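work12.cif follows (mmCIF, C-alpha atoms):
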```
data_model
#
loop_
_atom_site.label_atom_id
_atom_site.label_comp_id
_atom_site.auth_asym_id
_atom_site.auth_seq_id
_atom_site.Cartn_x
_atom_site.Cartn_y
_atom_site.Cartn_z
CA MET A 20 49.53 33.52 -30.63
CA THR A 21 47.79 36.53 -29.21
CA SER A 22 45.05 36.41 -31.84
CA LYS A 23 44.45 32.71 -31.18
CA PHE A 24 44.12 33.33 -27.44
CA SER A 25 41.72 36.22 -27.96
CA THR A 26 39.58 34.10 -30.28
CA VAL A 27 39.29 31.34 -27.68
CA PHE A 28 38.60 33.91 -24.97
CA LEU A 29 35.93 35.61 -27.07
CA ALA A 30 34.28 32.29 -27.87
CA SER A 31 34.13 31.26 -24.21
CA VAL A 32 32.71 34.64 -23.19
CA LEU A 33 30.04 34.33 -25.86
CA ALA A 34 29.19 30.77 -24.78
CA LEU A 35 28.94 31.84 -21.14
CA ALA A 36 26.73 34.77 -22.08
CA ALA A 37 24.44 32.47 -24.06
CA LEU A 38 24.28 30.07 -21.12
CA LEU A 39 23.42 32.86 -18.70
CA ALA A 40 20.78 34.24 -21.04
CA GLY A 41 19.19 30.80 -21.24
CA CYS A 42 19.19 30.39 -17.49
CA SER A 43 17.78 33.74 -16.64
CA LYS A 44 14.61 33.16 -18.60
CA ALA A 45 11.90 32.52 -15.99
CA PRO A 46 9.33 29.85 -16.91
CA SER A 47 6.21 31.43 -18.29
CA GLU A 48 2.63 30.18 -17.94
CA ALA A 49 2.90 28.57 -21.37
CA ASP A 50 6.07 26.72 -20.40
CA LEU A 51 4.46 25.37 -17.27
CA ASN A 52 1.52 23.88 -19.19
CA LEU A 53 -0.82 24.53 -16.27
CA ALA A 54 -4.11 24.01 -18.08
CA THR A 55 -5.00 20.78 -16.23
CA ALA A 56 -4.07 22.21 -12.88
CA LYS A 57 -5.93 25.47 -13.33
CA GLN A 58 -9.01 23.61 -14.44
CA LYS A 59 -9.32 21.97 -11.04
CA ALA A 60 -7.63 24.55 -8.82
CA GLU A 61 -10.93 25.95 -7.54
CA GLN A 62 -11.99 22.55 -6.22
CA CYS A 63 -8.75 21.29 -4.70
CA VAL A 64 -8.55 19.91 -1.16
CA GLU A 65 -6.64 23.01 -0.05
CA PRO A 66 -6.47 26.56 -1.41
CA GLU A 67 -4.15 26.94 -4.38
CA ASN A 68 -1.35 28.78 -2.56
CA VAL A 69 -1.34 26.22 0.27
CA ILE A 70 -1.25 23.25 -2.06
CA ARG A 71 1.53 24.79 -4.15
CA THR A 72 3.84 25.38 -1.24
CA LYS A 73 2.87 22.62 1.18
CA HIS A 74 1.78 19.60 -0.86
CA MET A 75 5.06 17.83 -0.27
CA ASP A 76 4.73 18.21 3.51
CA MET A 77 1.17 16.94 3.44
CA LEU A 78 2.14 13.90 1.39
CA MET A 79 5.11 13.20 3.66
CA HIS A 80 2.89 13.36 6.75
CA GLN A 81 0.17 11.25 5.17
CA ARG A 82 2.52 8.49 4.03
CA ASP A 83 3.73 7.73 7.56
CA ALA A 84 0.22 7.95 9.00
CA THR A 85 -1.01 5.49 6.39
CA VAL A 86 1.75 2.90 6.40
CA ILE A 87 2.53 2.88 10.11
CA GLU A 88 -0.82 3.67 11.71
CA GLY A 89 -3.27 2.57 9.02
CA ILE A 90 -4.91 6.01 8.74
CA ARG A 91 -6.45 6.12 5.28
CA THR A 92 -8.16 9.48 5.01
CA LYS A 93 -8.49 10.68 1.46
CA GLN A 94 -7.92 14.41 1.75
CA HIS A 95 -4.13 14.36 1.51
CA SER A 96 -3.69 10.99 -0.13
CA LEU A 97 -1.42 10.73 -3.16
CA LYS A 98 -3.76 8.17 -4.70
CA GLU A 99 -6.58 10.72 -4.67
CA CYS A 100 -4.35 13.45 -6.18
CA ILE A 101 -3.71 11.08 -9.06
CA ASN A 102 -7.34 10.00 -9.38
CA CYS A 103 -8.48 13.59 -9.68
CA HIS A 104 -5.71 15.32 -11.62
CA VAL A 105 -4.21 12.70 -13.92
CA SER A 106 -5.97 10.99 -16.77
CA ALA A 107 -5.05 7.42 -17.53
CA THR A 108 -4.12 8.05 -21.15
CA LYS A 109 -2.85 10.83 -23.39
CA GLU A 110 -5.06 12.30 -26.06
CA ASP A 111 -3.87 9.73 -28.57
CA GLY A 112 -4.81 6.88 -26.24
CA THR A 113 -1.31 5.83 -25.17
CA PRO A 114 -0.57 5.44 -21.45
CA LEU A 115 0.27 8.66 -19.62
CA HIS A 116 3.21 8.36 -17.24
CA TYR A 117 5.16 10.63 -14.94
CA GLY A 118 7.84 12.21 -17.11
CA ASP A 119 5.51 12.89 -20.03
CA LYS A 120 4.96 16.62 -20.34
CA GLU A 121 1.19 16.17 -20.12
CA HIS A 122 1.41 14.53 -16.69
CA PHE A 123 -0.01 16.85 -14.03
CA CYS A 124 2.93 16.45 -11.63
CA THR A 125 5.54 16.78 -14.36
CA THR A 126 4.20 20.13 -15.58
CA CYS A 127 5.55 21.97 -12.54
CA HIS A 128 8.35 19.65 -11.47
CA ALA A 129 10.03 19.93 -14.85
CA ALA A 130 9.83 23.71 -14.76
CA VAL A 131 11.36 24.02 -11.29
CA GLY A 132 13.93 21.27 -11.83
CA GLN A 133 12.46 19.03 -9.13
CA LYS A 134 13.35 15.34 -9.05
CA ILE A 135 11.02 13.07 -7.07
CA ASP A 136 10.91 9.32 -6.58
CA CYS A 137 7.24 8.88 -5.58
CA PHE A 138 6.41 7.15 -8.83
CA GLN A 139 9.17 4.57 -8.68
CA CYS A 140 6.71 2.69 -6.48
CA HIS A 141 3.36 4.49 -6.64
CA ALA A 142 1.02 4.27 -9.61
CA ASP A 143 1.35 7.47 -11.65
CA ARG A 144 -2.08 7.20 -13.29
CA PRO A 145 -5.52 5.97 -12.24
CA GLU A 146 -6.22 2.30 -12.68
CA VAL A 147 -8.73 1.78 -15.46
CA GLY A 148 -8.51 -2.00 -15.73
CA GLN A 149 -11.70 -2.93 -13.95
CA ASP A 150 -13.65 0.32 -13.73
CA PRO A 151 -13.43 2.74 -16.66
CA ASN A 152 -14.98 5.46 -14.51
CA TYR A 153 -12.42 5.04 -11.77
CA GLN A 154 -11.23 8.61 -12.15
CA HIS A 155 -13.80 10.47 -10.11
CA THR A 156 -14.85 14.02 -10.74
CA VAL A 157 -14.61 16.55 -7.98
CA GLY A 158 -17.93 17.13 -6.23
CA SER A 159 -19.26 13.69 -7.15
CA VAL A 160 -20.34 11.07 -4.62
CA GLU A 161 -16.72 9.98 -4.52
CA GLY A 162 -15.75 13.52 -3.64
CA HIS A 163 -14.28 13.81 -0.18
CA HIS A 164 -13.03 17.31 -0.53
CA PHE A 165 -13.13 19.88 2.21
CA THR A 166 -14.63 17.33 4.59
CA GLN A 167 -11.99 18.10 7.19
CA GLY A 168 -11.89 21.82 6.63
CA VAL A 169 -9.33 23.67 4.61
CA THR A 170 -7.81 25.38 7.63
CA ALA A 171 -6.25 22.15 8.88
CA ALA A 172 -3.02 22.85 7.03
CA ALA A 173 -0.53 25.49 8.06
CA ALA A 174 -0.69 28.59 5.88
CA PRO A 175 2.35 29.27 3.70
CA THR A 176 4.73 31.98 4.79
CA ALA A 177 4.88 35.29 2.91
CA ALA A 178 8.23 34.30 1.41
CA GLU A 179 6.83 31.06 0.07
CA VAL A 180 3.83 32.78 -1.46
CA GLN A 181 6.08 35.28 -3.19
CA MET A 182 8.36 32.53 -4.44
CA VAL A 183 5.44 30.77 -6.08
CA ALA A 184 3.83 33.93 -7.44
CA GLN A 185 7.05 35.20 -8.99
CA PRO A 186 9.43 32.45 -10.06
CA GLN A 187 12.94 33.51 -9.23
CA GLN A 188 15.30 34.65 -11.91
CA GLY A 189 17.63 31.90 -12.95
CA ALA A 190 15.22 29.10 -12.13
CA ALA A 191 16.09 26.05 -14.20
CA LYS A 192 13.83 25.68 -17.16
CA MET B 26 -33.42 5.24 33.12
CA SER B 27 -35.34 4.25 30.02
CA GLN B 28 -32.07 4.48 28.09
CA ASN B 29 -30.48 2.00 30.50
CA ARG B 30 -33.34 -0.40 29.98
CA VAL B 31 -32.83 -0.24 26.23
CA ASP B 32 -29.13 -0.95 26.71
CA GLU B 33 -29.93 -3.90 28.91
CA TYR B 34 -32.30 -5.26 26.32
CA ARG B 35 -29.65 -4.88 23.66
CA ARG B 36 -27.04 -6.58 25.81
CA ASN B 37 -29.29 -9.58 26.39
CA PHE B 38 -30.17 -9.73 22.73
CA ILE B 39 -26.54 -9.68 21.67
CA THR B 40 -25.61 -12.30 24.29
CA ALA B 41 -28.32 -14.55 22.89
CA LEU B 42 -26.99 -13.98 19.40
CA GLY B 43 -23.50 -14.92 20.58
CA GLY B 44 -24.88 -18.13 22.07
CA ALA B 45 -26.57 -19.00 18.80
CA ALA B 46 -23.33 -18.33 16.91
CA ALA B 47 -21.40 -20.59 19.31
CA VAL B 48 -23.86 -23.45 18.70
CA VAL B 49 -23.37 -23.11 14.97
CA ALA B 50 -19.60 -22.97 15.42
CA VAL B 51 -19.58 -26.36 17.17
CA ALA B 52 -20.63 -28.13 13.98
CA PRO B 53 -17.22 -28.75 12.40
CA THR B 54 -18.42 -29.00 8.81
CA LEU B 55 -20.01 -25.57 9.02
CA LEU B 56 -17.09 -24.11 10.88
CA LEU B 57 -15.04 -22.73 8.03
CA ARG B 58 -17.99 -21.36 6.11
CA GLU B 59 -19.33 -19.53 9.14
CA ALA B 60 -16.13 -17.54 9.40
CA HIS B 61 -17.11 -15.65 6.33
CA ALA B 62 -20.29 -14.30 7.77
CA ALA B 63 -20.29 -10.53 7.53
CA GLY B 64 -18.55 -8.62 10.26
CA GLU B 65 -15.49 -10.80 10.81
CA VAL B 66 -13.39 -7.88 9.67
CA ALA B 67 -15.10 -4.72 10.90
CA ALA B 68 -14.32 -1.58 8.95
CA LYS B 69 -12.21 0.83 10.96
CA PRO B 70 -12.95 4.57 10.65
CA ALA B 71 -10.45 5.86 8.09
CA ASP B 72 -9.11 8.61 10.36
CA GLN B 73 -8.31 6.36 13.32
CA ALA B 74 -5.03 4.56 13.93
CA VAL B 75 -4.93 0.80 14.32
CA THR B 76 -4.54 -0.48 17.88
CA ASN B 77 -3.23 -3.65 19.47
CA ALA B 78 -6.75 -4.58 20.60
CA LYS B 79 -6.86 -6.90 17.61
CA ARG B 80 -4.29 -9.25 16.18
CA TRP B 81 -5.09 -10.47 12.72
CA GLY B 82 -4.40 -14.05 11.82
CA MET B 83 -5.62 -16.94 9.74
CA LEU B 84 -6.00 -20.69 9.86
CA ILE B 85 -5.42 -22.56 6.59
CA ASP B 86 -6.93 -26.05 6.38
CA VAL B 87 -4.57 -27.75 3.95
CA THR B 88 -6.81 -30.84 3.69
CA LYS B 89 -9.54 -28.67 2.16
CA LEU B 90 -7.28 -26.98 -0.38
CA THR B 91 -7.93 -29.00 -3.53
CA ASP B 92 -5.29 -27.12 -5.54
CA GLY B 93 -2.64 -27.03 -2.84
CA GLY B 94 -3.01 -23.26 -2.51
CA ALA B 95 -2.37 -22.31 -6.14
CA GLY B 96 -5.65 -20.41 -6.25
CA MET B 97 -4.69 -18.39 -3.21
CA VAL B 98 -1.32 -17.50 -4.75
CA ALA B 99 -3.01 -16.50 -8.01
CA ALA B 100 -5.41 -14.24 -6.13
CA CYS B 101 -2.46 -12.58 -4.37
CA LYS B 102 -0.68 -12.01 -7.70
CA LYS B 103 -3.78 -10.41 -9.15
CA GLU B 104 -4.40 -8.23 -6.11
CA HIS B 105 -0.85 -6.89 -5.81
CA GLY B 106 0.38 -7.25 -9.39
CA TRP B 107 3.60 -9.16 -8.68
CA GLY B 108 5.19 -11.98 -10.64
CA ASP B 109 5.41 -10.32 -14.05
CA GLU B 110 8.93 -8.94 -13.68
CA ALA B 111 10.19 -9.28 -17.25
CA HIS B 112 13.93 -8.87 -16.64
CA SER B 113 14.26 -10.91 -13.46
CA SER B 114 15.45 -14.52 -13.39
CA PRO B 115 13.20 -17.10 -11.71
CA GLU B 116 15.33 -16.81 -8.56
CA GLN B 117 14.85 -13.06 -8.53
CA GLN B 118 11.11 -13.04 -9.21
CA ALA B 119 8.87 -11.66 -6.51
CA HIS B 120 7.14 -14.27 -4.38
CA TRP B 121 4.72 -12.81 -1.86
CA ALA B 122 3.22 -16.27 -1.55
CA ARG B 123 4.27 -19.60 -3.03
CA VAL B 124 3.09 -23.19 -3.11
CA VAL B 125 5.44 -25.54 -1.27
CA LYS B 126 5.22 -29.28 -1.88
CA VAL B 127 6.20 -31.51 1.03
CA THR B 128 7.00 -35.21 0.54
CA ASP B 129 7.71 -37.79 3.21
CA LYS B 130 10.86 -39.62 2.06
CA LEU B 131 9.82 -42.88 3.69
CA THR B 132 6.17 -43.17 2.71
CA HIS B 133 6.21 -40.85 -0.31
CA ASN B 134 3.09 -39.22 1.06
CA SER B 135 3.01 -35.65 -0.21
CA PHE B 136 0.87 -32.56 0.02
CA SER B 137 1.13 -28.88 -0.90
CA LEU B 138 0.58 -25.79 1.17
CA PRO B 139 0.73 -22.06 0.49
CA VAL B 140 3.55 -20.30 2.36
CA MET B 141 3.67 -16.55 2.77
CA CYS B 142 4.69 -14.13 5.54
CA GLN B 143 3.63 -15.86 8.75
CA HIS B 144 3.13 -12.55 10.60
CA CYS B 145 5.14 -13.56 13.65
CA GLU B 146 4.54 -12.01 17.04
CA ASN B 147 8.33 -11.77 17.40
CA PRO B 148 9.46 -11.23 13.80
CA PRO B 149 13.18 -11.80 13.11
CA CYS B 150 12.94 -9.51 10.07
CA VAL B 151 12.01 -6.59 12.33
CA ASP B 152 14.91 -7.37 14.70
CA VAL B 153 17.55 -7.09 11.99
CA CYS B 154 16.27 -4.10 9.99
CA PRO B 155 18.77 -1.22 10.25
CA THR B 156 16.27 1.51 9.35
CA GLY B 157 13.06 0.35 11.00
CA ALA B 158 11.44 -0.17 7.62
CA SER B 159 10.64 -3.78 8.41
CA MET B 160 7.90 -3.27 10.93
CA LYS B 161 5.05 -4.87 12.83
CA ARG B 162 1.88 -2.81 12.86
CA ALA B 163 -0.04 -2.49 16.12
CA ASP B 164 -2.58 -5.05 14.91
CA GLY B 165 0.10 -7.68 14.30
CA ILE B 166 0.58 -7.25 10.55
CA VAL B 167 4.25 -7.49 9.57
CA GLN B 168 5.13 -5.39 6.53
CA VAL B 169 7.83 -3.32 4.84
CA ASN B 170 7.60 0.46 5.03
CA LYS B 171 9.08 1.01 1.59
CA HIS B 172 9.54 4.71 2.25
CA THR B 173 12.42 3.90 4.58
CA CYS B 174 13.59 0.59 3.08
CA ILE B 175 17.13 0.87 1.72
CA GLY B 176 17.12 -2.54 0.06
CA CYS B 177 19.88 -4.11 2.18
CA ARG B 178 17.95 -7.42 2.29
CA TYR B 179 18.96 -8.35 5.85
CA CYS B 180 15.30 -9.20 6.49
CA MET B 181 15.30 -11.65 3.60
CA MET B 182 18.22 -13.45 5.24
CA ALA B 183 16.59 -13.37 8.67
CA CYS B 184 13.20 -14.72 7.65
CA PRO B 185 12.99 -18.49 8.27
CA TYR B 186 10.03 -18.81 5.87
CA LYS B 187 11.65 -17.26 2.76
CA ALA B 188 8.65 -14.96 2.70
CA ARG B 189 10.38 -11.84 1.39
CA SER B 190 11.60 -10.93 -2.06
CA PHE B 191 13.43 -8.01 -3.60
CA VAL B 192 12.40 -5.95 -6.62
CA HIS B 193 15.31 -6.03 -9.06
CA GLU B 194 13.94 -3.89 -11.88
CA ALA B 195 12.09 -0.65 -12.53
CA LEU B 196 8.34 -1.14 -12.56
CA GLN B 197 5.48 0.78 -14.09
CA ASP B 198 1.70 0.72 -13.72
CA GLN B 199 1.64 -0.74 -10.24
CA LYS B 200 -1.67 -1.23 -8.48
CA PRO B 201 -2.69 2.09 -6.89
CA HIS B 202 -3.42 0.34 -3.58
CA SER B 203 -0.18 -1.65 -3.56
CA PRO B 204 2.91 0.45 -4.36
CA ARG B 205 6.03 -1.57 -5.15
CA GLY B 206 9.25 -0.53 -6.79
CA MET B 207 12.88 -1.25 -7.56
CA GLY B 208 15.34 -1.43 -4.70
CA THR B 209 12.90 -2.34 -1.95
CA VAL B 210 12.02 -5.58 -0.23
CA GLU B 211 8.42 -6.72 -0.23
CA SER B 212 6.25 -9.46 1.21
CA CYS B 213 2.70 -10.42 2.08
CA ASN B 214 1.12 -7.60 4.08
CA MET B 215 -2.11 -9.51 4.74
CA CYS B 216 -3.77 -7.13 2.25
CA VAL B 217 -3.51 -4.32 4.75
CA HIS B 218 -5.44 -1.96 2.46
CA ARG B 219 -8.35 -4.37 2.37
CA ILE B 220 -8.36 -5.01 6.13
CA ASP B 221 -8.41 -1.27 6.87
CA ASN B 222 -11.37 -1.12 4.52
CA GLY B 223 -13.25 -3.94 6.27
CA GLN B 224 -12.57 -6.55 3.58
CA LEU B 225 -10.95 -9.97 3.81
CA PRO B 226 -7.47 -10.52 2.33
CA ALA B 227 -7.54 -11.56 -1.34
CA CYS B 228 -6.23 -15.10 -0.69
CA VAL B 229 -8.85 -15.71 2.00
CA GLU B 230 -11.57 -14.66 -0.40
CA ALA B 231 -10.15 -17.03 -3.01
CA ALA B 232 -10.37 -20.07 -0.72
CA PRO B 233 -13.46 -19.49 1.43
CA ASP B 234 -13.86 -23.16 2.36
CA ALA B 235 -10.30 -23.70 3.50
CA VAL B 236 -9.24 -20.50 5.26
CA VAL B 237 -10.58 -18.76 8.36
CA PHE B 238 -9.46 -15.21 8.95
CA GLY B 239 -10.02 -13.07 12.00
CA ASP B 240 -8.92 -11.62 15.32
CA LEU B 241 -6.64 -13.93 17.31
CA ASN B 242 -7.02 -11.80 20.44
CA ASP B 243 -10.75 -12.40 20.60
CA PRO B 244 -11.43 -15.90 21.99
CA ASN B 245 -14.89 -15.86 20.42
CA SER B 246 -13.78 -14.97 16.89
CA ALA B 247 -14.26 -17.62 14.23
CA VAL B 248 -10.53 -18.13 13.78
CA SER B 249 -9.94 -18.59 17.53
CA GLN B 250 -12.84 -21.01 17.78
CA ALA B 251 -11.64 -22.95 14.74
CA MET B 252 -8.15 -23.27 16.21
CA LYS B 253 -9.62 -24.36 19.54
CA THR B 254 -11.60 -27.08 17.79
CA ILE B 255 -9.26 -28.43 15.11
CA GLY B 256 -5.91 -26.97 16.23
CA GLY B 257 -3.51 -24.81 14.31
CA LYS B 258 0.09 -25.80 13.70
CA GLN B 259 2.93 -23.34 13.15
CA ILE B 260 5.65 -24.02 10.61
CA ARG B 261 8.93 -24.23 12.54
CA ALA B 262 7.16 -23.97 15.87
CA ASP B 263 10.56 -24.66 17.47
CA LEU B 264 11.58 -21.08 16.69
CA GLU B 265 8.86 -19.84 19.07
CA LEU B 266 7.88 -16.94 16.86
CA ASN B 267 4.12 -17.32 17.58
CA THR B 268 3.02 -16.97 13.98
CA GLY B 269 -0.26 -15.38 12.98
CA VAL B 270 -0.70 -17.78 10.07
CA ARG B 271 -1.50 -21.30 11.24
CA TYR B 272 -2.12 -24.53 9.35
CA HIS B 273 -4.30 -27.59 9.82
CA GLY B 274 -3.35 -30.87 8.18
CA ILE B 275 0.42 -30.47 7.91
#
```

Would you give me this structure, written as structure tokens?
Amino acid sequence: MTSKFSTVFLASVLALAALLAGCSKAPSEADLNLATAKQKAEQCVEPENVIRTKHMDMLMHQRDATVIEGIRTKQHSLKECINCHVSATKEDGTPLHYGDKEHFCTTCHAAVGQKIDCFQCHADRPEVGQDPNYQHTVGSVEGHHFTQGVTAAAAPTAAEVQMVAQPQQGAAK
Amino acid sequence: MSQNRVDEYRRNFITALGGAAAVVAVAPTLLLREAHAAGEVAAKPADQAVTNAKRWGMLIDVTKLTDGGAGMVAACKKEHGWGDEAHSSPEQQAHWARVVKVTDKLTHNSFSLPVMCQHCENPPCVDVCPTGASMKRADGIVQVNKHTCIGCRYCMMACPYKARSFVHEALQDQKPHSPRGMGTVESCNMCVHRIDNGQLPACVEAAPDAVVFGDLNDPNSAVSQAMKTIGGKQIRADLELNTGVRYHGI
């Protein structure tokens, strides 16, 4: 009886320890698959630390301005994020969708355990049907970046910067 | 002083132009074509909010629609990407616009007309919405703000024109300019993305001889002039909703 109990106890302790060990592993650069993002970070509509911590606020503000007031500026528009950062297909030519690990938004959201519903309605890749060159390159004629000045957005707080720079221990992988 | 003189010259010039346009507008055969002269929908600066200075509307001449409006509906489908819901029954399918056939029981005279959101001045769908998602924009466009729509479908019940539909299934590869997804109600939004961009709605472009689009607040706009000349009937005018979409020949 005693030996059986201790076996069960030992097994549960081991399982718990394994679970904790798995959780405490912070996502590394390789896990985050940030190649696409880093490639274009220099040319983004806001500095990297601002966009990392505030992009959700900008998108939230922009969506109401667009739908309710008809303001269609491109700087903080989700459509332009997608046009610039997401390619229409994967390397093998199949469609690239949110949820695939190559998708620009998924790379970080998966690492930080974030669940969003933007792409239940919004297109998650540029439309290539009519114009194969629809995905514009930053700095091209289509480029609209920095037209309104990068200081328009509120700077992230020190805590937010630190959170992004050093992912917290125990962050879901 | 010299600047004022230039302004005065311009004013006279523009007045003369307006007079010339009015003369052209009197000729009824040219009326509908003239509406599509450039500038009927002026592009708004992207960073400015819409105002109630304009109220968008259209006049559909059913007698000039050879296909009963099927072409207009097809253009809408193509523009917004609706109608291909694989798992929805015919009753559940999206219908931003549909062709309605009307037959007189006595004479058997029948005709077809395209029916979509009528963009009422006093929209019942906005009255009943519990979240404010069903909304009328300042320029008179009635639409669903899908960010706040909870899919209760009260607006579908309230609409006397059966203009709204509900998305029953998960969608993928929507049009980037026209987001639509499961659990929200949708309807004709007068191609709001095109209007903000200075373009005509897709259905108006598809039937240039039969539809006049423009600003109902401006008595000199092509659509106002056309309605003054040939009239513009509302469907269910008895409801006194003052619709933005009017018909001729019904």

Please report as a compact mmCIF listing (two decimals) with C-alpha atoms, in the coordinates of the input which residues of chain A come no farther than 8 Å from chain B, using all atoms listed in the file.
```txt
# COMPACT_ATOMS: atom_id res chain seq x y z
CA ALA A 84 0.22 7.95 9.00
CA VAL A 86 1.75 2.90 6.40
CA ILE A 87 2.53 2.88 10.11
CA GLU A 88 -0.82 3.67 11.71
CA GLY A 89 -3.27 2.57 9.02
CA ILE A 90 -4.91 6.01 8.74
CA ARG A 91 -6.45 6.12 5.28
CA THR A 92 -8.16 9.48 5.01
CA LYS A 98 -3.76 8.17 -4.70
CA GLN A 139 9.17 4.57 -8.68
CA CYS A 140 6.71 2.69 -6.48
CA HIS A 141 3.36 4.49 -6.64
CA ALA A 142 1.02 4.27 -9.61
CA ASP A 143 1.35 7.47 -11.65
CA ARG A 144 -2.08 7.20 -13.29
CA PRO A 145 -5.52 5.97 -12.24
CA GLU A 146 -6.22 2.30 -12.68
```

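Applied to the shown file, the PyMOL selection byres ((chain B and resi 91) around 12) selects the residues B:Asp86, B:Val87, B:Thr88, B:Lys89, B:Leu90, B:Asp92, B:Gly93, B:Gly94, B:Ala95, B:Gly96, B:Met97, B:Phe136, B:Ser137, B:Leu138, B:Pro139, B:Ala232, B:Asp234, B:Ala235.
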
Just need the box for region 183-188 of chain B, edges along x, y and z, holding every atom the file lists for it with 4 Å tacked onto each side, so centre and edge lengths in Å to one decimal, as lines of an AutoDock Vina configuration file.
```
center_x = 12.6
center_y = -16.1
center_z = 5.7
size_x = 15.9
size_y = 13.4
size_z = 14.0
```

Selection result for the PyMOL selection byres ((chain B and resi 182) around 12) on this file, as JSON, numbers by chain: {"B": [149, 150, 151, 152, 153, 154, 177, 178, 179, 180, 181, 183, 184, 185, 186, 187, 188, 189, 190, 191, 210]}

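If you look at CA of Trp81 (chain B) and CA of Gln224 (chain B), they are 12.4 Å away from each other.
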
Selection result for the PyMOL selection byres ((chain B and resi 85) around 8) on this file, as JSON, numbers by chain: {"B": [83, 84, 86, 87, 235, 236, 237, 270, 271, 272, 273]}
